[in-house]
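Data file: entry.cif. Format and content: mmCIF, C-alpha atoms.
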```cif
data_target
loop_
_atom_site.group_PDB
_atom_site.id
_atom_site.type_symbol
_atom_site.label_atom_id
_atom_site.label_comp_id
_atom_site.auth_asym_id
_atom_site.auth_seq_id
_atom_site.Cartn_x
_atom_site.Cartn_y
_atom_site.Cartn_z
ATOM 1 C CA MET F 1 140.746 121.660 164.395
ATOM 2 C CA ARG F 2 138.075 121.099 161.742
ATOM 3 C CA THR F 3 136.525 118.325 163.830
ATOM 4 C CA ALA F 4 136.414 120.545 166.943
ATOM 5 C CA VAL F 5 134.701 123.426 165.108
ATOM 6 C CA LEU F 6 132.252 121.024 163.497
ATOM 7 C CA ALA F 7 131.431 119.481 166.888
ATOM 8 C CA LEU F 8 130.908 122.912 168.469
ATOM 9 C CA PHE F 9 128.513 124.138 165.773
ATOM 10 C CA TRP F 10 126.710 120.836 165.417
ATOM 11 C CA GLY F 11 126.493 120.183 169.156
ATOM 12 C CA SER F 12 124.990 123.576 169.912
ATOM 13 C CA GLY F 13 122.201 122.821 167.453
ATOM 14 C CA PHE F 14 120.280 120.945 170.141
ATOM 15 C CA LEU F 15 120.117 124.137 172.187
ATOM 16 C CA TRP F 16 118.820 126.271 169.306
ATOM 17 C CA ILE F 17 116.235 123.675 168.307
ATOM 18 C CA ARG F 18 114.943 123.562 171.880
ATOM 19 C CA ILE F 19 114.685 127.359 172.052
ATOM 20 C CA ALA F 20 112.921 127.538 168.681
ATOM 21 C CA LEU F 21 110.390 124.919 169.771
ATOM 22 C CA GLN F 22 109.745 126.723 173.058
ATOM 23 C CA HIS F 23 109.145 129.998 171.225
ATOM 24 C CA GLY F 24 106.451 129.000 168.793
ATOM 25 C CA LEU F 25 108.040 127.195 165.830
ATOM 26 C CA THR F 26 106.904 123.727 164.757
ATOM 27 C CA PRO F 27 109.285 120.924 163.724
ATOM 28 C CA VAL F 28 108.382 121.340 160.040
ATOM 29 C CA GLN F 29 108.904 125.103 160.173
ATOM 30 C CA ILE F 30 112.285 124.632 161.855
ATOM 31 C CA THR F 31 113.268 122.114 159.184
ATOM 32 C CA VAL F 32 112.347 124.405 156.279
ATOM 33 C CA LEU F 33 113.976 127.524 157.743
ATOM 34 C CA ARG F 34 117.080 125.612 158.780
ATOM 35 C CA ALA F 35 117.608 124.177 155.310
ATOM 36 C CA ALA F 36 116.756 127.426 153.509
ATOM 37 C CA LEU F 37 119.068 129.581 155.642
ATOM 38 C CA GLY F 38 121.874 127.048 155.377
ATOM 39 C CA ALA F 39 121.448 126.912 151.612
ATOM 40 C CA ALA F 40 121.536 130.717 151.398
ATOM 41 C CA VAL F 41 124.845 130.822 153.296
ATOM 42 C CA LEU F 42 126.436 128.210 151.061
ATOM 43 C CA LEU F 43 125.096 129.793 147.881
ATOM 44 C CA LEU F 44 126.679 133.108 148.892
ATOM 45 C CA LEU F 45 129.986 131.393 149.680
ATOM 46 C CA ALA F 46 129.914 129.489 146.404
ATOM 47 C CA CYS F 47 129.117 132.668 144.485
ATOM 48 C CA SER F 48 131.951 134.571 146.156
ATOM 49 C CA ALA F 49 134.312 131.715 145.280
ATOM 50 C CA ARG F 50 132.961 131.731 141.712
ATOM 51 C CA GLN F 51 131.847 128.131 141.954
ATOM 52 C CA ARG F 52 128.891 127.093 139.819
ATOM 53 C CA LEU F 53 126.202 124.703 140.943
ATOM 54 C CA PRO F 54 126.429 121.228 139.417
ATOM 55 C CA ARG F 55 124.662 120.451 136.174
ATOM 56 C CA GLY F 56 123.134 117.263 134.874
ATOM 57 C CA GLY F 57 120.029 115.367 135.898
ATOM 58 C CA ALA F 58 121.899 112.296 137.140
ATOM 59 C CA LEU F 59 123.967 114.280 139.643
ATOM 60 C CA TRP F 60 120.953 116.218 140.876
ATOM 61 C CA ARG F 61 119.086 112.951 141.455
ATOM 62 C CA ARG F 62 121.962 111.730 143.635
ATOM 63 C CA LEU F 63 121.929 115.082 145.418
ATOM 64 C CA ALA F 64 118.197 114.723 146.070
ATOM 65 C CA VAL F 65 118.771 111.359 147.765
ATOM 66 C CA ALA F 66 121.531 112.868 149.905
ATOM 67 C CA ALA F 67 119.367 115.899 150.717
ATOM 68 C CA PHE F 68 116.567 113.657 151.933
ATOM 69 C CA PHE F 69 118.646 111.372 154.171
ATOM 70 C CA CYS F 70 121.212 113.933 155.376
ATOM 71 C CA ASN F 71 118.991 116.993 155.773
ATOM 72 C CA ALA F 72 115.226 116.932 155.283
ATOM 73 C CA LEU F 73 114.479 113.699 157.144
ATOM 74 C CA PRO F 74 116.920 113.939 160.108
ATOM 75 C CA PHE F 75 116.222 117.669 160.586
ATOM 76 C CA LEU F 76 112.512 116.905 160.911
ATOM 77 C CA LEU F 77 112.986 113.833 163.105
ATOM 78 C CA THR F 78 115.359 115.674 165.439
ATOM 79 C CA ALA F 79 113.016 118.638 165.892
ATOM 80 C CA TYR F 80 110.087 116.294 166.447
ATOM 81 C CA GLY F 81 112.053 114.190 168.926
ATOM 82 C CA GLU F 82 113.177 117.163 171.005
ATOM 83 C CA ARG F 83 109.566 118.100 171.720
ATOM 84 C CA SER F 84 109.299 115.193 174.169
ATOM 85 C CA VAL F 85 112.824 113.859 174.810
ATOM 86 C CA GLY F 86 115.387 115.465 177.086
ATOM 87 C CA SER F 87 118.709 116.625 175.713
ATOM 88 C CA GLY F 88 120.526 113.796 177.510
ATOM 89 C CA THR F 89 118.615 111.044 175.766
ATOM 90 C CA ALA F 90 118.794 112.947 172.475
ATOM 91 C CA GLY F 91 122.580 113.076 172.713
ATOM 92 C CA VAL F 92 122.829 109.360 173.422
ATOM 93 C CA LEU F 93 120.646 108.431 170.468
ATOM 94 C CA HIS F 94 122.494 110.736 168.093
ATOM 95 C CA ALA F 95 125.774 109.211 169.240
ATOM 96 C CA THR F 96 124.730 105.903 167.651
ATOM 97 C CA THR F 97 125.414 107.379 164.185
ATOM 98 C CA PRO F 98 129.040 106.132 164.038
ATOM 99 C CA LEU F 99 127.921 102.580 164.833
ATOM 100 C CA TRP F 100 125.417 102.658 161.978
ATOM 101 C CA SER F 101 127.993 104.320 159.738
ATOM 102 C CA LEU F 102 130.634 101.673 160.421
ATOM 103 C CA LEU F 103 128.264 98.819 159.612
ATOM 104 C CA ILE F 104 127.019 100.507 156.430
ATOM 105 C CA GLY F 105 130.515 101.548 155.395
ATOM 106 C CA LEU F 106 131.894 98.020 155.757
ATOM 107 C CA ALA F 107 128.919 96.553 153.898
ATOM 108 C CA LEU F 108 129.166 99.002 150.968
ATOM 109 C CA GLY F 109 132.937 99.352 150.906
ATOM 110 C CA THR F 110 132.882 103.099 151.573
ATOM 111 C CA ASP F 111 134.820 102.956 154.845
ATOM 112 C CA ARG F 112 138.159 104.347 153.671
ATOM 113 C CA THR F 113 140.097 103.965 156.896
ATOM 114 C CA ALA F 114 139.763 100.204 157.060
ATOM 115 C CA GLY F 115 142.490 98.262 155.338
ATOM 116 C CA THR F 116 143.801 94.790 154.691
ATOM 117 C CA ASP F 117 147.148 93.466 155.752
ATOM 118 C CA ARG F 118 148.902 92.215 152.622
ATOM 119 C CA THR F 119 150.811 89.611 154.609
ATOM 120 C CA THR F 120 147.929 87.930 156.423
ATOM 121 C CA GLY F 121 145.016 89.043 154.246
ATOM 122 C CA THR F 122 143.053 90.147 157.314
ATOM 123 C CA ASP F 123 141.590 93.505 158.291
ATOM 124 C CA ARG F 124 144.112 95.242 160.507
ATOM 125 C CA THR F 125 142.133 98.314 161.557
ATOM 126 C CA THR F 126 138.517 97.308 162.144
ATOM 127 C CA PRO F 127 139.022 95.760 165.633
ATOM 128 C CA LEU F 128 140.735 98.915 166.880
ATOM 129 C CA ARG F 129 138.136 101.213 165.382
ATOM 130 C CA LEU F 130 135.256 99.065 166.618
ATOM 131 C CA THR F 131 136.750 99.272 170.097
ATOM 132 C CA GLY F 132 136.815 103.058 169.713
ATOM 133 C CA LEU F 133 133.171 103.136 168.661
ATOM 134 C CA LEU F 134 132.075 101.052 171.632
ATOM 135 C CA LEU F 135 134.304 103.037 173.987
ATOM 136 C CA GLY F 136 132.858 106.312 172.720
ATOM 137 C CA PHE F 137 129.304 105.094 173.194
ATOM 138 C CA ALA F 138 130.151 103.962 176.708
ATOM 139 C CA GLY F 139 131.500 107.451 177.413
ATOM 140 C CA VAL F 140 128.275 109.006 176.161
ATOM 141 C CA LEU F 141 126.272 106.770 178.489
ATOM 142 C CA LEU F 142 128.566 107.704 181.367
ATOM 143 C CA ILE F 143 128.069 111.429 180.734
ATOM 144 C CA LEU F 144 124.320 111.375 180.324
ATOM 145 C CA ALA F 145 123.268 108.374 182.463
ATOM 146 C CA PRO F 146 120.010 107.869 180.527
ATOM 147 C CA TRP F 147 118.969 105.078 182.910
ATOM 148 C CA ARG F 148 118.136 107.799 185.432
ATOM 149 C CA GLU F 149 115.361 109.130 183.215
ATOM 150 C CA SER F 150 111.957 107.475 183.380
ATOM 151 C CA GLY F 151 110.673 106.088 180.104
ATOM 152 C CA GLY F 152 112.614 108.428 177.835
ATOM 153 C CA ILE F 153 114.051 105.702 175.628
ATOM 154 C CA SER F 154 110.642 104.196 174.830
ATOM 155 C CA THR F 155 108.923 107.393 173.686
ATOM 156 C CA PRO F 156 108.097 108.130 170.014
ATOM 157 C CA GLY F 157 110.405 111.127 170.255
ATOM 158 C CA ALA F 158 113.342 108.886 171.150
ATOM 159 C CA LEU F 159 112.534 106.596 168.240
ATOM 160 C CA ALA F 160 112.506 109.646 165.971
ATOM 161 C CA LEU F 161 115.967 110.659 167.208
ATOM 162 C CA LEU F 162 117.255 107.130 166.640
ATOM 163 C CA GLY F 163 115.840 107.277 163.125
ATOM 164 C CA ALA F 164 117.656 110.568 162.569
ATOM 165 C CA ALA F 165 120.961 109.002 163.631
ATOM 166 C CA ALA F 166 120.469 106.084 161.239
ATOM 167 C CA SER F 167 119.476 108.491 158.462
ATOM 168 C CA TYR F 168 122.726 110.429 158.865
ATOM 169 C CA ALA F 169 124.694 107.190 158.604
ATOM 170 C CA VAL F 170 122.910 106.221 155.381
ATOM 171 C CA ALA F 171 123.560 109.695 154.007
ATOM 172 C CA PHE F 172 127.273 109.625 154.861
ATOM 173 C CA ALA F 173 127.712 106.331 153.013
ATOM 174 C CA HIS F 174 125.731 107.556 149.998
ATOM 175 C CA MET F 175 127.594 110.873 149.834
ATOM 176 C CA ALA F 176 130.984 109.164 149.987
ATOM 177 C CA ARG F 177 129.967 106.706 147.282
ATOM 178 C CA ALA F 178 127.910 108.844 144.897
ATOM 179 C CA LEU F 179 129.013 112.457 145.404
ATOM 180 C CA ALA F 180 132.649 112.519 146.498
ATOM 181 C CA GLY F 181 135.000 112.734 143.531
ATOM 182 C CA THR F 182 132.369 113.977 141.080
ATOM 183 C CA GLY F 183 134.565 116.868 139.998
ATOM 184 C CA THR F 184 132.233 119.456 141.497
ATOM 185 C CA ALA F 185 133.722 121.768 144.132
ATOM 186 C CA PRO F 186 132.598 120.742 147.662
ATOM 187 C CA LEU F 187 131.216 124.208 148.399
ATOM 188 C CA ALA F 188 128.979 124.219 145.319
ATOM 189 C CA LEU F 189 127.971 120.621 145.999
ATOM 190 C CA SER F 190 127.008 121.494 149.590
ATOM 191 C CA ALA F 191 124.976 124.494 148.413
ATOM 192 C CA ALA F 192 123.152 122.387 145.846
ATOM 193 C CA GLN F 193 122.308 119.688 148.380
ATOM 194 C CA LEU F 194 120.905 122.083 150.970
ATOM 195 C CA THR F 195 118.928 123.857 148.241
ATOM 196 C CA ALA F 196 117.402 120.502 147.323
ATOM 197 C CA ALA F 197 116.711 119.818 151.009
ATOM 198 C CA ALA F 198 114.899 123.145 151.365
ATOM 199 C CA GLY F 199 112.720 122.247 148.401
ATOM 200 C CA LEU F 200 111.952 118.779 149.741
ATOM 201 C CA SER F 201 111.132 120.171 153.197
ATOM 202 C CA ALA F 202 108.876 122.892 151.810
ATOM 203 C CA VAL F 203 106.555 120.227 150.430
ATOM 204 C CA ALA F 204 105.592 119.337 154.017
ATOM 205 C CA LEU F 205 105.236 122.953 155.158
ATOM 206 C CA PRO F 206 101.399 123.097 154.973
ATOM 207 C CA ALA F 207 101.294 120.307 157.567
ATOM 208 C CA GLY F 208 103.626 122.163 159.902
ATOM 209 C CA GLY F 209 101.562 125.215 160.735
ATOM 210 C CA PRO F 210 100.193 128.211 158.843
ATOM 211 C CA LEU F 211 102.601 130.541 157.092
ATOM 212 C CA ASN F 212 101.700 134.125 156.243
ATOM 213 C CA PRO F 213 104.306 136.037 154.206
ATOM 214 C CA PHE F 214 103.297 139.284 155.920
ATOM 215 C CA SER F 215 103.095 138.127 159.536
ATOM 216 C CA GLY F 216 105.773 135.430 159.466
ATOM 217 C CA PHE F 217 105.472 131.992 161.014
ATOM 218 C CA SER F 218 102.317 131.790 163.065
ATOM 219 C CA GLY F 219 103.003 131.565 166.804
ATOM 220 C CA ALA F 220 106.726 132.300 166.568
ATOM 221 C CA ASP F 221 108.279 135.185 168.484
ATOM 222 C CA PRO F 222 111.569 137.053 167.813
ATOM 223 C CA VAL F 223 113.514 134.755 170.152
ATOM 224 C CA GLY F 224 112.392 131.672 168.256
ATOM 225 C CA LEU F 225 113.210 133.258 164.906
ATOM 226 C CA ALA F 226 116.639 134.332 166.183
ATOM 227 C CA ALA F 227 117.319 130.796 167.421
ATOM 228 C CA VAL F 228 116.406 129.190 164.108
ATOM 229 C CA THR F 229 118.518 131.788 162.292
ATOM 230 C CA VAL F 230 121.599 130.780 164.271
ATOM 231 C CA LEU F 231 120.647 127.151 163.701
ATOM 232 C CA GLY F 232 120.394 127.652 159.951
ATOM 233 C CA VAL F 233 123.402 129.901 159.378
ATOM 234 C CA ALA F 234 126.037 128.478 161.755
ATOM 235 C CA CYS F 235 124.807 125.026 162.752
ATOM 236 C CA THR F 236 123.621 124.053 159.267
ATOM 237 C CA GLY F 237 125.245 126.119 156.514
ATOM 238 C CA LEU F 238 128.786 126.352 157.877
ATOM 239 C CA THR F 239 128.580 122.968 159.603
ATOM 240 C CA PHE F 240 127.393 121.185 156.494
ATOM 241 C CA HIS F 241 130.278 122.527 154.434
ATOM 242 C CA LEU F 242 132.800 121.401 157.074
ATOM 243 C CA ASN F 243 131.135 117.998 157.270
ATOM 244 C CA TYR F 244 131.256 117.571 153.490
ATOM 245 C CA ARG F 245 134.995 118.253 153.482
ATOM 246 C CA LEU F 246 135.530 115.817 156.358
ATOM 247 C CA ILE F 247 133.685 113.044 154.510
ATOM 248 C CA ALA F 248 135.718 113.681 151.362
ATOM 249 C CA THR F 249 139.077 113.593 153.162
ATOM 250 C CA GLU F 250 138.624 111.067 155.979
ATOM 251 C CA GLY F 251 135.645 108.902 155.059
ATOM 252 C CA PRO F 252 132.071 108.596 156.352
ATOM 253 C CA THR F 253 132.736 106.796 159.644
ATOM 254 C CA SER F 254 135.346 109.303 160.790
ATOM 255 C CA ALA F 255 132.953 112.123 159.941
ATOM 256 C CA ALA F 256 130.150 110.418 161.845
ATOM 257 C CA ALA F 257 132.457 110.077 164.877
ATOM 258 C CA VAL F 258 131.884 113.799 165.443
ATOM 259 C CA GLY F 259 128.542 112.672 166.825
ATOM 260 C CA TYR F 260 130.347 111.414 169.911
ATOM 261 C CA LEU F 261 131.368 114.978 170.726
ATOM 262 C CA LEU F 262 127.805 116.324 170.602
ATOM 263 C CA PRO F 263 126.913 115.363 174.196
ATOM 264 C CA VAL F 264 130.297 116.720 175.301
ATOM 265 C CA VAL F 265 129.437 120.091 173.764
ATOM 266 C CA SER F 266 125.971 119.971 175.300
ATOM 267 C CA THR F 267 127.436 119.279 178.752
ATOM 268 C CA VAL F 268 129.888 122.187 178.535
ATOM 269 C CA LEU F 269 127.228 124.587 177.215
ATOM 270 C CA GLY F 270 124.891 123.511 179.988
ATOM 271 C CA ALA F 271 127.521 124.291 182.616
ATOM 272 C CA LEU F 272 128.591 127.627 181.116
ATOM 273 C CA VAL F 273 125.281 128.991 179.831
ATOM 274 C CA LEU F 274 122.631 127.337 181.990
ATOM 275 C CA GLY F 275 124.652 126.939 185.192
ATOM 276 C CA GLU F 276 124.270 123.163 185.288
ATOM 277 C CA ARG F 277 126.543 121.339 187.715
ATOM 278 C CA LEU F 278 129.498 119.604 186.056
ATOM 279 C CA THR F 279 129.822 116.269 187.846
ATOM 280 C CA VAL F 280 132.806 113.946 188.143
ATOM 281 C CA ARG F 281 130.866 111.434 186.051
ATOM 282 C CA ALA F 282 130.534 113.972 183.243
ATOM 283 C CA VAL F 283 134.259 114.786 183.290
ATOM 284 C CA ALA F 284 135.206 111.093 183.270
ATOM 285 C CA GLY F 285 132.735 110.397 180.481
ATOM 286 C CA THR F 286 134.177 113.235 178.413
ATOM 287 C CA ALA F 287 137.652 111.684 178.669
ATOM 288 C CA VAL F 288 136.272 108.288 177.599
ATOM 289 C CA VAL F 289 134.445 109.848 174.633
ATOM 290 C CA LEU F 290 137.558 111.646 173.428
ATOM 291 C CA ALA F 291 139.561 108.418 173.716
ATOM 292 C CA GLY F 292 136.961 106.602 171.642
ATOM 293 C CA VAL F 293 136.976 109.297 168.953
ATOM 294 C CA PHE F 294 140.764 109.090 168.794
ATOM 295 C CA LEU F 295 140.636 105.333 168.185
ATOM 296 C CA VAL F 296 137.951 105.706 165.519
ATOM 297 C CA LYS F 297 139.949 108.336 163.658
ATOM 298 C CA HIS F 298 143.334 106.671 164.159
ATOM 299 C CA ARG F 299 145.075 105.526 161.002
ATOM 300 C CA PRO F 300 147.960 103.118 161.387
ATOM 301 C CA LYS F 301 151.140 104.073 159.610
ATOM 302 C CA PRO F 302 151.881 101.911 156.575
ATOM 303 C CA ARG F 303 154.509 99.300 157.129
ATOM 304 C CA THR F 304 157.882 100.028 155.624
ATOM 305 C CA VAL F 305 159.275 97.171 153.588
ATOM 306 C CA VAL F 306 163.094 97.084 153.527
ATOM 307 C CA PRO F 307 164.344 95.334 150.395
ATOM 308 C CA LEU F 308 166.994 92.658 150.815
ATOM 309 C CA LEU F 309 170.139 93.240 148.782
ATOM 310 C CA ILE F 310 171.633 90.025 147.488
ATOM 311 C CA ASP F 311 175.143 90.108 146.096
#
```

Transcribe the structure of this file into structure tokens.
Amino acid sequence: MRTAVLALFWGSGFLWIRIALQHGLTPVQITVLRAALGAAVLLLLACSARQRLPRGGALWRRLAVAAFFCNALPFLLTAYGERSVGSGTAGVLHATTPLWSLLIGLALGTDRTAGTDRTTGTDRTTPLRLTGLLLGFAGVLLILAPWRESGGISTPGALALLGAAASYAVAFAHMARALAGTGTAPLALSAAQLTAAAGLSAVALPAGGPLNPFSGFSGADPVGLAAVTVLGVACTGLTFHLNYRLIATEGPTSAAAVGYLLPVVSTVLGALVLGERLTVRAVAGTAVVLAGVFLVKHRPKPRTVVPLLID
């Protein structure tokens, strides 16, 4: 259930980013507002739960690294990429996050769902999960058919989206290694990280378009501001808290597997909201994606050893 809600909020973010861009906001402005609104939501939730923000310079330095790779950088790259890349290609490139996450997780030892068979000494889960990752990516390609677009993959915007996917994977590994198990409540930790991300993003604000405190963001209209508000509150604040909990309980690669559901959400929203035709290829691709996610998240049951009783 948590994965489905996370996929719905996160997947709809592409729609709100597109609307915000079309209604006068720049990528930097979207990044700052998204992080600031998300931080405000989490700070209110943490305050209501009577959770204090973490203390100590060492922890805040680790939070700053996570804020850069998980928020400031991918938020900016995604908004920049969606200025020139269609939603189909954007979904495909974002769906590469689990592949990056698996490689990083295995290299750093942060992939908690991989295990070693005590009898043979070999990894008993990686082949199955790798099959799931490849199957999920194949499903994404089947849904979106990016080969039908002309030149989309080679544009700077597509490279920015690919960089965002890799940045998320780096962040998931870092968060699982450096932040999970610190003793700080996940809600307070999430609020602190998004607060740091808002501060890091604000540094680049002068390059993203003029800001007047009395007239608001230059060029933006109410529709754009409403879109970025939904993006910040629901698709960032609430989503980030859910994602943090998923990383802490199931590991970084399983959390990154939610990325496979993003194009599924985009396809359904396109059919329901924009009246796009739902093709047989899209339905078949959705089934393949869900099968891949299941394999990635599958955990084999531990073997039961029956002791031998010798009289």

Selection: 12 Å around Leu6 in chain F, all atoms listed in the file, excl. self and same-chain fewer than 3 positions, as JSON, numbers by chain: {"F": [1, 2, 3, 9, 10, 11, 12, 13, 234, 235, 236, 237, 238, 239, 240, 241, 242, 243, 244, 245, 246, 255, 256, 257, 258, 259, 260, 261, 262, 265]}

Could the residues in this selection be saved with C-alpha atoms as a PDB file, in the frame of the given file?
```pdb
ATOM      1  CA  MET F   1     140.746 121.660 164.395  1.00  0.00           C
ATOM      2  CA  ARG F   2     138.075 121.099 161.742  1.00  0.00           C
ATOM      3  CA  THR F   3     136.525 118.325 163.830  1.00  0.00           C
ATOM      4  CA  PHE F   9     128.513 124.138 165.773  1.00  0.00           C
ATOM      5  CA  TRP F  10     126.710 120.836 165.417  1.00  0.00           C
ATOM      6  CA  GLY F  11     126.493 120.183 169.156  1.00  0.00           C
ATOM      7  CA  SER F  12     124.990 123.576 169.912  1.00  0.00           C
ATOM      8  CA  GLY F  13     122.201 122.821 167.453  1.00  0.00           C
ATOM      9  CA  ALA F 234     126.037 128.478 161.755  1.00  0.00           C
ATOM     10  CA  CYS F 235     124.807 125.026 162.752  1.00  0.00           C
ATOM     11  CA  THR F 236     123.621 124.053 159.267  1.00  0.00           C
ATOM     12  CA  GLY F 237     125.245 126.119 156.514  1.00  0.00           C
ATOM     13  CA  LEU F 238     128.786 126.352 157.877  1.00  0.00           C
ATOM     14  CA  THR F 239     128.580 122.968 159.603  1.00  0.00           C
ATOM     15  CA  PHE F 240     127.393 121.185 156.494  1.00  0.00           C
ATOM     16  CA  HIS F 241     130.278 122.527 154.434  1.00  0.00           C
ATOM     17  CA  LEU F 242     132.800 121.401 157.074  1.00  0.00           C
ATOM     18  CA  ASN F 243     131.135 117.998 157.270  1.00  0.00           C
ATOM     19  CA  TYR F 244     131.256 117.571 153.490  1.00  0.00           C
ATOM     20  CA  ARG F 245     134.995 118.253 153.482  1.00  0.00           C
ATOM     21  CA  LEU F 246     135.530 115.817 156.358  1.00  0.00           C
ATOM     22  CA  ALA F 255     132.953 112.123 159.941  1.00  0.00           C
ATOM     23  CA  ALA F 256     130.150 110.418 161.845  1.00  0.00           C
ATOM     24  CA  ALA F 257     132.457 110.077 164.877  1.00  0.00           C
ATOM     25  CA  VAL F 258     131.884 113.799 165.443  1.00  0.00           C
ATOM     26  CA  GLY F 259     128.542 112.672 166.825  1.00  0.00           C
ATOM     27  CA  TYR F 260     130.347 111.414 169.911  1.00  0.00           C
ATOM     28  CA  LEU F 261     131.368 114.978 170.726  1.00  0.00           C
ATOM     29  CA  LEU F 262     127.805 116.324 170.602  1.00  0.00           C
ATOM     30  CA  VAL F 265     129.437 120.091 173.764  1.00  0.00           C
TER      31      VAL F 265
END
```

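The coordinates place CA of Asn71 in chain F at 29.2 Å from CA of Val288 in chain F.
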
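Within 10 Å of the point (109.9, 113.7, 165.4), and counting all atoms listed in the file, the protein, DNA and RNA residues are Pro27, Val28, Leu73, Pro74, Phe75, Leu76, Leu77, Thr78, Ala79, Tyr80, Gly81, Glu82, Arg83, Ser84, Val85, Pro156, Gly157, Ala158, Leu159, Ala160, Leu161, Leu162, Gly163 and Ala164 of chain F.
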
File dump, residues just selected, C-alpha atoms, as a PDB file, in the coordinates of the input:
```pdb
ATOM      1  CA  PRO F  27     109.285 120.924 163.724  1.00  0.00           C
ATOM      2  CA  VAL F  28     108.382 121.340 160.040  1.00  0.00           C
ATOM      3  CA  LEU F  73     114.479 113.699 157.144  1.00  0.00           C
ATOM      4  CA  PRO F  74     116.920 113.939 160.108  1.00  0.00           C
ATOM      5  CA  PHE F  75     116.222 117.669 160.586  1.00  0.00           C
ATOM      6  CA  LEU F  76     112.512 116.905 160.911  1.00  0.00           C
ATOM      7  CA  LEU F  77     112.986 113.833 163.105  1.00  0.00           C
ATOM      8  CA  THR F  78     115.359 115.674 165.439  1.00  0.00           C
ATOM      9  CA  ALA F  79     113.016 118.638 165.892  1.00  0.00           C
ATOM     10  CA  TYR F  80     110.087 116.294 166.447  1.00  0.00           C
ATOM     11  CA  GLY F  81     112.053 114.190 168.926  1.00  0.00           C
ATOM     12  CA  GLU F  82     113.177 117.163 171.005  1.00  0.00           C
ATOM     13  CA  ARG F  83     109.566 118.100 171.720  1.00  0.00           C
ATOM     14  CA  SER F  84     109.299 115.193 174.169  1.00  0.00           C
ATOM     15  CA  VAL F  85     112.824 113.859 174.810  1.00  0.00           C
ATOM     16  CA  PRO F 156     108.097 108.130 170.014  1.00  0.00           C
ATOM     17  CA  GLY F 157     110.405 111.127 170.255  1.00  0.00           C
ATOM     18  CA  ALA F 158     113.342 108.886 171.150  1.00  0.00           C
ATOM     19  CA  LEU F 159     112.534 106.596 168.240  1.00  0.00           C
ATOM     20  CA  ALA F 160     112.506 109.646 165.971  1.00  0.00           C
ATOM     21  CA  LEU F 161     115.967 110.659 167.208  1.00  0.00           C
ATOM     22  CA  LEU F 162     117.255 107.130 166.640  1.00  0.00           C
ATOM     23  CA  GLY F 163     115.840 107.277 163.125  1.00  0.00           C
ATOM     24  CA  ALA F 164     117.656 110.568 162.569  1.00  0.00           C
TER      25      ALA F 164
END
```

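Pairwise distance (CA of Gly91 in chain F, CA of Phe14 in chain F) equals 8.6 Å.
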
F:Leu194, F:Val233, F:Val203, F:Val140 ranked by distance to Val293 in chain F, top pick (using only C-alpha atoms): F:Val140

Residue with smallest distance to Leu59 in chain F - pool F:Gly183, F:Gly232, F:Gly24, F:Gly139, counting all atoms listed in the file: F:Gly183

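Summary of the local environment: counting all atoms listed in the file, residues at most 7 Å from Leu133 in chain F, other than itself and those fewer than 5 positions away along its chain, are Pro98, Leu99, Gly292 and Val296 of chain F.
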
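Between CA of Thr131 in chain F and CA of Ile104 in chain F the interatomic distance comes to 16.8 Å.
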
Residue among F:Ala178, F:Leu130, F:Leu141, F:Ala67 lying closest to Ser190 in chain F, counting only C-alpha atoms: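 Selected residue with least distance to Ser190 in chain F: F:Ala67.
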
Spatial neighbours of Phe69 in chain F, max dist 10 Å, all atoms listed in the file, sep filter under 2 positions, as an NGL selection string: :F and (64-67 or 71-75 or 164 or 166-172 or 174-175 or 197)

Residue with smallest distance to Leu25 in chain F - pool F:Leu290, F:Ala58, F:Ala49, F:Leu205, counting only C-alpha atoms: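 For Leu25 in chain F, the nearest of the given residues is F:Leu205.
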
Residues matched by the PyMOL selection byres ((chain F and resi 226-229) around 9) as a VMD selection string: chain F and resid 15 to 20 25 30 33 to 34 37 221 to 225 230 to 234

Using all atoms listed in the file: which of F:Gln29, F:Gly56, F:Ala7, F:Thr286 has the shortest distance to Ala202 in chain F: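 Going through F:Gln29, F:Gly56, F:Ala7, F:Thr286 one by one, the smallest distance to Ala202 in chain F is for F:Gln29.
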
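With all atoms listed in the file as the atoms that count, the minimum distance from Arg62 in chain F to the choices F:Ala282, F:Ala46, F:Ala176, F:Ala220 is reached by F:Ala176.
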
Give me the box for range 36-46 of chain F as lines of an AutoDock Vina configuration file, namely the centre and edge lengths in Å to one decimal of a box along x, y and z that holds every listed atom plus 5 Å on each side.
```
center_x = 123.4
center_y = 130.0
center_z = 151.0
size_x = 23.2
size_y = 16.2
size_z = 19.2
```

Answer key for the PyMOL selection byres ((chain F and resi 198) around 6), residues as a PyMOL selection string: chain F and resi 32+35-36+195-197+199-201

Pull C-alpha atoms from the residues just selected and write them as a PDB file, keeping the file's coordinate frame.
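part_9.pdb written:
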```
ATOM      1  CA  VAL F  32     112.347 124.405 156.279  1.00  0.00           C
ATOM      2  CA  ALA F  35     117.608 124.177 155.310  1.00  0.00           C
ATOM      3  CA  ALA F  36     116.756 127.426 153.509  1.00  0.00           C
ATOM      4  CA  THR F 195     118.928 123.857 148.241  1.00  0.00           C
ATOM      5  CA  ALA F 196     117.402 120.502 147.323  1.00  0.00           C
ATOM      6  CA  ALA F 197     116.711 119.818 151.009  1.00  0.00           C
ATOM      7  CA  GLY F 199     112.720 122.247 148.401  1.00  0.00           C
ATOM      8  CA  LEU F 200     111.952 118.779 149.741  1.00  0.00           C
ATOM      9  CA  SER F 201     111.132 120.171 153.197  1.00  0.00           C
TER      10      SER F 201
END
```

Given the PyMOL selection byres ((chain F and resi 54) around 8), the residues it picks as a PyMOL selection string: chain F and resi 52-53+55-56+59-60+184+188-189+192
